[in-house]
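Participant: Supplied structure: input06.csv, CSV, C-alpha atoms.
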chain,number,residue,atom,x,y,z
A,1,MET,CA,-18.6,12.1,51.9
A,2,PRO,CA,-15.6,11.6,49.6
A,3,ASN,CA,-15.1,8.4,47.8
A,4,GLU,CA,-12.9,5.9,49.5
A,5,PHE,CA,-10.7,3.5,47.4
A,6,ARG,CA,-9.0,0.4,48.5
A,7,GLY,CA,-5.9,-0.9,46.7
A,8,THR,CA,-2.3,0.1,45.9
A,9,ASN,CA,-0.6,3.0,44.2
A,10,LEU,CA,1.5,0.6,42.1
A,11,PRO,CA,0.2,-0.3,38.7
A,12,LEU,CA,-1.5,-3.7,38.5
A,13,ARG,CA,-1.8,-5.6,35.2
A,14,ARG,CA,-5.4,-6.2,34.2
A,15,ASP,CA,-5.2,-7.5,30.7
A,16,TYR,CA,-2.5,-8.8,28.3
A,17,THR,CA,-2.9,-9.8,24.6
A,18,GLU,CA,-0.5,-10.6,21.8
A,19,SER,CA,-1.0,-11.1,18.1
A,20,PHE,CA,1.2,-11.9,15.1
A,21,ASP,CA,0.8,-10.8,11.4
A,22,PRO,CA,3.1,-12.0,8.6
A,23,GLU,CA,3.4,-8.4,7.3
A,24,THR,CA,4.0,-6.6,10.6
A,25,GLY,CA,5.3,-9.2,13.1
A,26,TRP,CA,4.3,-9.3,16.8
A,27,VAL,CA,2.1,-6.8,18.5
A,28,LYS,CA,1.7,-6.9,22.3
A,29,ASN,CA,-0.9,-5.1,24.4
A,30,TRP,CA,-1.1,-4.5,28.1
A,31,VAL,CA,-3.6,-2.7,30.3
A,32,TRP,CA,-2.4,-1.5,33.7
A,33,HIS,CA,-4.4,0.3,36.4
A,34,GLY,CA,-3.7,1.8,39.8
A,35,PHE,CA,-4.5,4.6,42.2
A,36,GLY,CA,-1.1,6.2,42.1
A,37,ILE,CA,-1.3,8.5,39.1
A,38,ASN,CA,2.3,9.5,39.3
A,39,GLU,CA,3.4,5.9,39.7
A,40,VAL,CA,1.4,4.9,36.6
A,41,ARG,CA,2.9,7.9,34.7
A,42,ASP,CA,6.4,6.6,35.6
A,43,TYR,CA,5.4,3.2,34.3
A,44,ALA,CA,4.2,4.7,31.0
A,45,ALA,CA,7.5,6.6,30.7
A,46,GLN,CA,9.4,3.3,31.0
A,47,TYR,CA,7.5,1.8,28.1
A,48,GLN,CA,7.8,5.0,26.0
A,49,SER,CA,11.6,4.8,26.4
A,50,GLN,CA,11.5,1.4,24.8
A,51,GLY,CA,9.6,2.7,21.7
A,52,CYS,CA,6.1,1.6,22.8
A,53,SER,CA,2.9,3.7,22.4
A,54,THR,CA,0.9,4.5,25.5
A,55,ARG,CA,-2.5,5.9,26.4
A,56,LEU,CA,-3.3,7.1,29.9
A,57,SER,CA,-6.8,7.6,31.2
A,58,ILE,CA,-7.6,9.2,34.6
A,59,SER,CA,-11.0,9.2,36.4
A,60,ASP,CA,-12.0,9.3,40.0
A,61,ALA,CA,-8.4,9.2,41.2
A,62,LYS,CA,-7.8,6.0,39.3
A,63,ALA,CA,-5.4,5.7,36.4
A,64,GLU,CA,-5.5,3.2,33.5
A,65,LEU,CA,-2.6,2.7,31.2
A,66,GLU,CA,-2.8,1.0,27.8
A,67,VAL,CA,0.4,0.0,26.2
A,68,ARG,CA,1.0,-1.1,22.6
A,69,ASP,CA,4.3,-2.7,21.8
A,70,THR,CA,5.0,-3.2,18.1
A,71,THR,CA,8.8,-3.5,18.4
A,72,GLY,CA,8.9,-7.3,18.3
A,73,GLU,CA,12.2,-8.6,17.2
A,74,VAL,CA,10.8,-10.3,14.1
A,75,THR,CA,12.1,-10.0,10.5
A,76,ILE,CA,9.6,-10.4,7.7
A,77,ASP,CA,11.1,-11.2,4.2
A,78,ARG,CA,9.7,-10.4,0.8
A,79,TRP,CA,11.5,-11.7,-2.4
A,80,GLU,CA,11.2,-10.6,-6.0
A,81,VAL,CA,13.0,-11.5,-9.2
A,82,ASP,CA,12.6,-8.6,-11.6
A,83,ALA,CA,13.5,-8.6,-15.3
A,84,GLU,CA,13.9,-5.7,-17.7
A,85,GLN,CA,15.5,-5.2,-21.1
A,86,ALA,CA,18.4,-3.0,-22.1
A,87,ASN,CA,20.4,-2.3,-25.2
A,88,LYS,CA,24.1,-3.0,-25.1
A,89,SER,CA,26.7,-2.4,-27.8
A,90,SER,CA,27.3,-5.3,-30.2
A,91,LEU,CA,31.0,-4.8,-29.5
A,92,THR,CA,30.4,-6.1,-26.0
A,93,ASN,CA,28.3,-9.0,-27.0
A,94,PRO,CA,30.0,-12.2,-25.8
A,95,LEU,CA,28.9,-14.1,-28.9
A,96,ASN,CA,30.6,-11.5,-31.2
A,97,ILE,CA,33.7,-11.5,-29.1
A,98,ASP,CA,33.8,-15.3,-29.2
A,99,ALA,CA,33.3,-15.4,-33.0
A,100,CYS,CA,35.4,-12.5,-34.0
A,101,GLY,CA,38.2,-12.4,-31.4
A,102,GLN,CA,39.1,-9.5,-29.2
A,103,ASP,CA,41.6,-8.0,-31.7
A,104,ASP,CA,38.9,-7.7,-34.4
A,105,ILE,CA,36.4,-6.3,-32.0
A,106,ASP,CA,38.9,-3.5,-30.9
A,107,ILE,CA,39.8,-2.8,-34.5
A,108,ILE,CA,36.2,-2.6,-35.6
A,109,GLY,CA,35.5,-0.1,-32.8
A,110,VAL,CA,38.3,2.2,-34.0
A,111,MET,CA,37.3,1.8,-37.7
A,112,LEU,CA,33.8,3.0,-36.8
A,113,SER,CA,34.8,5.8,-34.4
A,114,GLN,CA,37.7,7.2,-36.5
A,115,GLY,CA,36.4,6.4,-39.9
A,116,LEU,CA,39.5,4.3,-40.8
A,117,SER,CA,40.2,1.2,-42.8
A,118,ALA,CA,41.3,-1.9,-41.0
A,119,ASP,CA,45.0,-1.4,-41.7
A,120,ASP,CA,44.8,2.3,-40.6
A,121,ALA,CA,42.9,1.3,-37.5
A,122,VAL,CA,45.7,-1.2,-36.6
A,123,SER,CA,48.3,1.6,-37.0
A,124,TRP,CA,46.1,4.0,-35.0
A,125,ILE,CA,45.8,1.6,-32.1
A,126,ALA,CA,49.5,0.9,-32.0
A,127,ALA,CA,50.3,4.7,-32.1
A,128,ASN,CA,48.0,5.3,-29.2
A,129,GLY,CA,49.4,2.7,-26.9
A,130,GLY,CA,47.0,-0.1,-27.7
A,131,GLY,CA,49.6,-2.6,-28.7
A,132,SER,CA,50.1,-4.6,-31.9
A,133,LEU,CA,46.8,-6.1,-33.1
A,134,THR,CA,46.1,-8.4,-36.0
A,135,TRP,CA,43.1,-8.0,-38.2
A,136,SER,CA,41.7,-11.4,-39.3
A,137,GLY,CA,39.0,-10.2,-41.7
A,138,SER,CA,37.0,-13.3,-40.9
A,139,ALA,CA,33.5,-13.8,-42.1
A,140,PRO,CA,32.0,-13.1,-38.6
A,141,SER,CA,34.0,-9.9,-38.3
A,142,LEU,CA,33.0,-8.7,-41.7
A,143,ARG,CA,29.3,-9.4,-41.0
A,144,LEU,CA,29.6,-7.6,-37.7
A,145,LEU,CA,31.3,-4.6,-39.3
A,146,ARG,CA,28.5,-4.5,-42.0
A,147,ARG,CA,25.7,-4.6,-39.5
A,148,MET,CA,27.2,-1.8,-37.4
A,149,GLN,CA,27.8,0.3,-40.5
A,150,ASN,CA,24.1,-0.2,-41.2
A,151,ASN,CA,23.3,1.2,-37.7
A,152,GLU,CA,22.6,-2.3,-36.2
A,153,THR,CA,24.9,-1.4,-33.3
A,154,ASP,CA,23.0,-2.8,-30.3
A,155,VAL,CA,21.8,-6.0,-29.0
A,156,GLU,CA,18.9,-6.3,-26.5
A,157,VAL,CA,19.7,-8.2,-23.3
A,158,ASP,CA,17.7,-9.3,-20.3
A,159,LEU,CA,18.8,-7.8,-17.0
A,160,TYR,CA,17.7,-9.7,-13.9
A,161,THR,CA,17.7,-8.4,-10.3
A,162,LEU,CA,16.9,-10.2,-7.1
A,163,VAL,CA,15.2,-7.8,-4.7
A,164,HIS,CA,14.9,-8.6,-1.0
A,165,THR,CA,13.0,-6.5,1.5
A,166,THR,CA,13.2,-7.2,5.2
A,167,ASN,CA,10.7,-5.6,7.7
A,168,VAL,CA,12.4,-5.5,11.1
A,169,SER,CA,11.9,-3.8,14.5
A,170,ASN,CA,13.5,-0.4,14.8
A,171,ARG,CA,15.6,-1.9,17.6
A,172,TYR,CA,17.1,-4.5,15.3
A,173,GLN,CA,20.8,-4.5,15.0
A,174,ASN,CA,22.8,-6.9,12.7
A,175,ASN,CA,21.5,-7.7,9.2
A,176,VAL,CA,23.1,-9.6,6.4
A,177,SER,CA,22.4,-6.6,4.1
A,178,ASP,CA,25.3,-4.8,5.8
A,179,PHE,CA,27.9,-7.4,4.5
A,180,GLY,CA,29.2,-8.1,1.0
A,181,LYS,CA,27.8,-4.9,-0.5
A,182,GLY,CA,29.6,-3.7,-3.7
A,183,GLN,CA,31.0,-7.2,-4.3
A,184,LEU,CA,30.5,-9.8,-6.9
A,185,TYR,CA,28.8,-13.1,-5.9
A,186,THR,CA,29.1,-16.3,-7.9
A,187,ASN,CA,25.7,-18.0,-8.4
A,188,ALA,CA,26.6,-20.6,-5.8
A,189,GLN,CA,27.5,-17.9,-3.3
A,190,LEU,CA,24.3,-16.0,-3.9
A,191,LEU,CA,22.1,-19.1,-3.4
A,192,THR,CA,24.0,-20.1,-0.3
A,193,GLU,CA,23.4,-16.6,1.2
A,194,VAL,CA,19.7,-16.2,0.3
A,195,THR,CA,18.7,-19.7,1.4
A,196,ASP,CA,20.5,-19.6,4.8
A,197,ALA,CA,17.8,-19.9,7.4
A,198,THR,CA,20.0,-18.2,10.0
A,199,PHE,CA,19.9,-15.0,8.0
A,200,TRP,CA,16.2,-14.9,7.1
A,201,ILE,CA,12.9,-15.8,8.7
A,202,TYR,CA,11.6,-16.7,5.3
A,203,PRO,CA,14.6,-17.7,3.0
A,204,LEU,CA,14.3,-17.5,-0.8
A,205,PRO,CA,11.4,-19.7,-1.9
A,206,GLY,CA,12.1,-22.8,-3.8
A,207,ARG,CA,10.5,-21.6,-7.0
A,208,LEU,CA,12.8,-18.5,-7.1
A,209,VAL,CA,15.8,-20.7,-6.4
A,210,TYR,CA,14.9,-22.8,-9.4
A,211,LYS,CA,14.4,-19.7,-11.6
A,212,ILE,CA,17.8,-18.2,-10.6
A,213,GLN,CA,19.5,-21.5,-11.4
A,214,VAL,CA,17.9,-21.7,-14.8
A,215,LEU,CA,18.6,-18.2,-15.8
A,216,TYR,CA,22.3,-18.6,-14.7
A,217,ASN,CA,22.6,-21.9,-16.7
A,218,ASP,CA,21.1,-20.3,-19.8
A,219,ALA,CA,23.5,-17.3,-19.5
A,220,ILE,CA,26.7,-19.2,-19.3
A,221,VAL,CA,25.7,-21.4,-22.2
A,222,LEU,CA,24.2,-18.9,-24.6
A,223,TRP,CA,26.5,-16.0,-23.7
A,224,PRO,CA,30.0,-17.3,-23.1
A,225,ALA,CA,32.1,-15.0,-20.9
A,226,PRO,CA,35.2,-13.4,-22.5
A,227,SER,CA,38.5,-13.5,-20.6
A,228,ASN,CA,38.4,-11.8,-17.2
A,229,TYR,CA,34.6,-11.6,-17.3
A,230,GLY,CA,32.1,-13.7,-15.5
A,231,TRP,CA,28.4,-14.0,-14.9
A,232,ARG,CA,28.0,-12.7,-11.3
A,233,TRP,CA,25.5,-11.0,-8.9
A,234,LEU,CA,26.5,-7.6,-7.7
A,235,LYS,CA,25.1,-6.9,-4.2
A,236,THR,CA,24.1,-3.3,-3.8
A,237,ALA,CA,24.2,-1.2,-0.6
A,238,SER,CA,20.8,-1.4,1.1
A,239,THR,CA,18.2,1.4,1.4
A,240,GLU,CA,16.3,1.6,4.7
A,241,ARG,CA,13.0,3.4,5.4
A,242,SER,CA,10.9,3.7,8.5
A,243,ALA,CA,7.7,1.8,8.3
A,244,ALA,CA,4.4,1.5,10.3
A,245,ASN,CA,4.4,0.1,13.9
A,246,ASN,CA,7.9,1.2,14.8
A,247,ARG,CA,9.5,-0.9,12.1
A,248,VAL,CA,12.1,-0.4,9.3
A,249,ASP,CA,12.1,-1.7,5.7
A,250,ILE,CA,15.5,-2.8,4.5
A,251,THR,CA,15.8,-3.3,0.7
A,252,THR,CA,18.8,-5.0,-0.9
A,253,ILE,CA,19.3,-5.7,-4.6
A,254,TYR,CA,21.5,-8.3,-6.3
A,255,LYS,CA,22.1,-7.5,-10.0
A,256,PHE,CA,22.9,-10.3,-12.4
A,257,TYR,CA,25.2,-9.4,-15.3
A,258,LEU,CA,28.3,-10.3,-17.2
A,259,TYR,CA,30.8,-8.2,-15.1
A,260,SER,CA,34.4,-7.5,-15.6
A,261,LEU,CA,36.3,-9.3,-12.9
A,262,ASP,CA,38.9,-6.4,-12.9
A,263,GLU,CA,36.4,-3.8,-12.0
A,264,TYR,CA,34.8,-5.2,-8.8
A,265,PRO,CA,36.0,-7.1,-5.8
A,266,SER,CA,34.9,-10.7,-5.5
A,267,TYR,CA,33.0,-11.8,-2.4
For this file, write the structure as C-alpha cells.
Facilitator:
Amino acid sequence: MPNEFRGTNLPLRRDYTESFDPETGWVKNWVWHGFGINEVRDYAAQYQSQGCSTRLSISDAKAELEVRDTTGEVTIDRWEVDAEQANKSSLTNPLNIDACGQDDIDIIGVMLSQGLSADDAVSWIAANGGGSLTWSGSAPSLRLLRRMQNNETDVEVDLYTLVHTTNVSNRYQNNVSDFGKGQLYTNAQLLTEVTDATFWIYPLPGRLVYKIQVLYNDAIVLWPAPSNYGWRWLKTASTERSAANNRVDITTIYKFYLYSLDEYPSY
C-alpha cells in the first residue's frame, strides 16, 4: 500500500535563524519543506536570484529546502594608518626652500645639472625661458650646494597613508569611496569625512583621529609649505574585490604629502 501524506504542496517554513559577525555581517538561514517538489524548486529559484545559496533534499515525495542568505546590507569598516620612508631631493625640501629662497634653489639645480657657475647658471636660466633670477650666495645656499656636491642630495621623509577597507554586500550600491577621488583634502576635510557616522558603520577610531591630527600639526610646523604647496591628503580611486559570503571588499587610500596645489584639484 503506497504511503499517504497529508499537507500542502506549498513550502512551509520550519526553522529560521540569524547571526551577526563583525567581520562578515549578517547571515540568515531558513528551512522550508513541502510535498510539492516543483513548488519548492520554484521557491529555491527565487532565493537564488537574490544571491542566496540553497540546498534541496528530496525523500519520500517530500522536499526540504535550506537557504543561506549572506547578502545582508551591512558595511564593516577597517582602518589603518601606515607609514613608510622615502628619499626626496634636497632641492624640494621645504626647509631648504625657506632658508635659501626659490631663486637660489633653481640656480643650484642648474649649477649641478649643467656643471655651471652661479653666474653662468643665471644666464642659462634666462636664455631658456626661466626668467631673471638673482643669486644670493647666502650661507644656507652655499651649505646646500656643498652638501649636494658631496653627494648628500636626498632627505629621508615619512610618508603616511590612511587605508580604509569596507566589507559590504554584493548588492550594495552607493559608497563614499566613489566620491572625491583624485582630489586633495585638507586635514579638516579628511577628518570630517572619515568620522561621519552616516558614511561608515565604524567611523575612524578616536586614537587614529588623534594620530592624524598630531602628524599634520608636526608637518606644518617642521616642514613649512612653499608658495602654492600645501599639506594635503590625496584620495585615491578605490580597488574592489569579491570576498566570502557574497560580499565585496572596497579599499580606499588617502595619501598625506606636501602637494603642489597647481597639480591636483581641491576637494
Participant: At what distance in Å, to one decimal, does CA of Phe199 in chain A lie from CA of Arg247 in chain A?
Facilitator: 18.0 Å
Participant: Compile the contact shell of range 29-31 of chain A as a ChimeraX atom specification: residues with an atom at most 12 Å away, counting all atoms listed in the file, same-chain residues fewer than 6 positions apart removed.
Facilitator: /A:11-20,40,43-44,47,52-57,63-72
Participant: Please produce a file of the residues just selected, as a CSV table (one decimal), keeping the file's coordinate frame, where the atoms kept are C-alpha atoms.
Facilitator:
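Saved result, part_39.csv, follows:
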chain,number,residue,atom,x,y,z
A,11,PRO,CA,0.2,-0.3,38.7
A,12,LEU,CA,-1.5,-3.7,38.5
A,13,ARG,CA,-1.8,-5.6,35.2
A,14,ARG,CA,-5.4,-6.2,34.2
A,15,ASP,CA,-5.2,-7.5,30.7
A,16,TYR,CA,-2.5,-8.8,28.3
A,17,THR,CA,-2.9,-9.8,24.6
A,18,GLU,CA,-0.5,-10.6,21.8
A,19,SER,CA,-1.0,-11.1,18.1
A,20,PHE,CA,1.2,-11.9,15.1
A,40,VAL,CA,1.4,4.9,36.6
A,43,TYR,CA,5.4,3.2,34.3
A,44,ALA,CA,4.2,4.7,31.0
A,47,TYR,CA,7.5,1.8,28.1
A,52,CYS,CA,6.1,1.6,22.8
A,53,SER,CA,2.9,3.7,22.4
A,54,THR,CA,0.9,4.5,25.5
A,55,ARG,CA,-2.5,5.9,26.4
A,56,LEU,CA,-3.3,7.1,29.9
A,57,SER,CA,-6.8,7.6,31.2
A,63,ALA,CA,-5.4,5.7,36.4
A,64,GLU,CA,-5.5,3.2,33.5
A,65,LEU,CA,-2.6,2.7,31.2
A,66,GLU,CA,-2.8,1.0,27.8
A,67,VAL,CA,0.4,0.0,26.2
A,68,ARG,CA,1.0,-1.1,22.6
A,69,ASP,CA,4.3,-2.7,21.8
A,70,THR,CA,5.0,-3.2,18.1
A,71,THR,CA,8.8,-3.5,18.4
A,72,GLY,CA,8.9,-7.3,18.3
Participant: To one decimal in Å, tell me the separation between CA of Gly34 in chain A and CA of Gln46 in chain A.
Facilitator: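 CA of Gly34 in chain A sits 15.9 Å away from CA of Gln46 in chain A.
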Participant: Identify, on the basis of all atoms listed in the file, every residue whose closest approach to Val110 in chain A does not exceed 9 Å; exclude the query and any residue fewer than 5 positions from it along the same chain; express the result as a PyMOL selection string.
Facilitator: chain A and resi 105+115-116+118+121-122+124-125
Participant: For each of A:Thr195, A:Asn87, A:Ser117, A:Thr186, take the minimum atom-to-atom distance to Glu152 in chain A, counting all atoms listed in the file, then give the residue where this is smallest.
Facilitator: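 Result for the nearest residue to Glu152 in chain A: A:Asn87.
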Participant: Which polymer residues have any atom within 12 Å of an atom of Leu215 in chain A, counting all atoms listed in the file, with same-chain residues fewer than 4 positions away left out, as a ChimeraX atom specification?
Facilitator: /A:81,83,158-162,187,208-211,219-223,231-232,256-257
Participant: Store the residues picked out above in a file with C-alpha atoms, as a compact mmCIF listing (two decimals), keeping the file's coordinate frame.
Facilitator:
# COMPACT_ATOMS: atom_id res chain seq x y z
CA VAL A 81 13.00 -11.50 -9.20
CA ALA A 83 13.50 -8.60 -15.30
CA ASP A 158 17.70 -9.30 -20.30
CA LEU A 159 18.80 -7.80 -17.00
CA TYR A 160 17.70 -9.70 -13.90
CA THR A 161 17.70 -8.40 -10.30
CA LEU A 162 16.90 -10.20 -7.10
CA ASN A 187 25.70 -18.00 -8.40
CA LEU A 208 12.80 -18.50 -7.10
CA VAL A 209 15.80 -20.70 -6.40
CA TYR A 210 14.90 -22.80 -9.40
CA LYS A 211 14.40 -19.70 -11.60
CA ALA A 219 23.50 -17.30 -19.50
CA ILE A 220 26.70 -19.20 -19.30
CA VAL A 221 25.70 -21.40 -22.20
CA LEU A 222 24.20 -18.90 -24.60
CA TRP A 223 26.50 -16.00 -23.70
CA TRP A 231 28.40 -14.00 -14.90
CA ARG A 232 28.00 -12.70 -11.30
CA PHE A 256 22.90 -10.30 -12.40
CA TYR A 257 25.20 -9.40 -15.30
Participant: Could you jot down the CA of Trp135 in chain A to CA of Asp262 in chain A separation for me, Å, one decimal place?
Facilitator: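 Straight-line distance from CA of Trp135 in chain A to CA of Asp262 in chain A works out to 25.7 Å.
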Participant: Would you kindly return, as a list in words, each protein, DNA or RNA residue with an atom no farther than 7 Å from any atom of Lys181 in chain A, considering all atoms listed in the file and excluding same-chain residues fewer than 6 positions away?
Facilitator: Lys235, Thr236 and Ala237 of chain A
Participant: Which neighbours of Pro226 in chain A fall inside 10 Å, counting all atoms listed in the file, when residues of the same chain fewer than 2 positions from it are skipped, and could you give them as number ranges by chain?
Facilitator: A: 92-95, 97-98, 101-102, 223-224, 228-230, 258, 260
Participant: Counting all atoms listed in the file, which residue out of A:Asn217, A:Asn9, A:Ser132, A:Gln189 sits closest to Asp106 in chain A?
Facilitator: A:Ser132
Participant: Should you be able to, write range 56-66 of chain A of this structure into a file that contains all heavy atoms, as a compact mmCIF listing (two decimals), in the first residue's frame.
Facilitator:
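Output saved as selection.txt:
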# COMPACT_ATOMS: atom_id res chain seq x y z
N LEU A 56 18.68 21.61 -1.64
CA LEU A 56 17.38 20.95 -1.75
C LEU A 56 17.55 19.45 -1.51
O LEU A 56 18.39 18.80 -2.13
CB LEU A 56 16.78 21.19 -3.14
CG LEU A 56 15.41 20.58 -3.42
CD1 LEU A 56 14.35 21.18 -2.50
CD2 LEU A 56 15.02 20.77 -4.88
N SER A 57 16.77 18.91 -0.57
CA SER A 57 16.79 17.47 -0.27
C SER A 57 15.40 16.91 -0.57
O SER A 57 14.38 17.50 -0.18
CB SER A 57 17.15 17.21 1.19
OG SER A 57 18.39 17.80 1.52
N ILE A 58 15.35 15.73 -1.21
CA ILE A 58 14.08 15.11 -1.57
C ILE A 58 14.09 13.67 -1.07
O ILE A 58 15.03 12.91 -1.32
CB ILE A 58 13.86 15.14 -3.10
CG1 ILE A 58 13.84 16.58 -3.61
CG2 ILE A 58 12.55 14.42 -3.46
CD1 ILE A 58 13.80 16.68 -5.12
N SER A 59 13.03 13.31 -0.34
CA SER A 59 12.90 11.93 0.13
C SER A 59 11.42 11.63 0.37
O SER A 59 10.70 12.46 0.92
CB SER A 59 13.70 11.71 1.42
OG SER A 59 13.22 12.53 2.46
N ASP A 60 10.98 10.45 -0.07
CA ASP A 60 9.60 10.02 0.14
C ASP A 60 8.60 11.08 -0.29
O ASP A 60 7.64 11.41 0.42
CB ASP A 60 9.36 9.67 1.62
CG ASP A 60 10.16 8.46 2.08
OD1 ASP A 60 10.43 7.59 1.23
OD2 ASP A 60 10.53 8.42 3.26
N ALA A 61 8.84 11.64 -1.47
CA ALA A 61 7.95 12.64 -2.05
C ALA A 61 7.88 13.93 -1.25
O ALA A 61 7.00 14.76 -1.46
CB ALA A 61 6.54 12.06 -2.23
N LYS A 62 8.80 14.11 -0.32
CA LYS A 62 8.87 15.35 0.44
C LYS A 62 10.13 16.11 0.03
O LYS A 62 11.16 15.50 -0.28
CB LYS A 62 8.89 15.08 1.94
CG LYS A 62 7.61 14.46 2.49
CD LYS A 62 7.68 14.30 4.01
CE LYS A 62 8.76 13.30 4.39
NZ LYS A 62 8.79 13.06 5.87
N ALA A 63 10.04 17.41 0.07
CA ALA A 63 11.18 18.25 -0.30
C ALA A 63 11.52 19.16 0.88
O ALA A 63 10.62 19.70 1.53
CB ALA A 63 10.87 19.09 -1.53
N GLU A 64 12.80 19.29 1.13
CA GLU A 64 13.26 20.20 2.17
C GLU A 64 14.28 21.15 1.55
O GLU A 64 15.23 20.73 0.89
CB GLU A 64 13.89 19.43 3.32
CG GLU A 64 14.36 20.34 4.46
CD GLU A 64 14.86 19.57 5.65
OE1 GLU A 64 14.05 19.18 6.51
OE2 GLU A 64 16.11 19.36 5.71
N LEU A 65 14.08 22.43 1.78
CA LEU A 65 14.93 23.47 1.20
C LEU A 65 15.64 24.23 2.32
O LEU A 65 14.99 24.77 3.22
CB LEU A 65 14.08 24.45 0.37
CG LEU A 65 14.80 25.70 -0.16
CD1 LEU A 65 15.89 25.31 -1.16
CD2 LEU A 65 13.80 26.66 -0.79
N GLU A 66 16.96 24.24 2.27
CA GLU A 66 17.76 25.04 3.19
C GLU A 66 18.29 26.26 2.44
O GLU A 66 18.86 26.13 1.35
CB GLU A 66 18.94 24.23 3.74
CG GLU A 66 18.52 23.00 4.52
CD GLU A 66 19.72 22.18 4.97
OE1 GLU A 66 20.74 22.80 5.37
OE2 GLU A 66 19.65 20.94 4.90
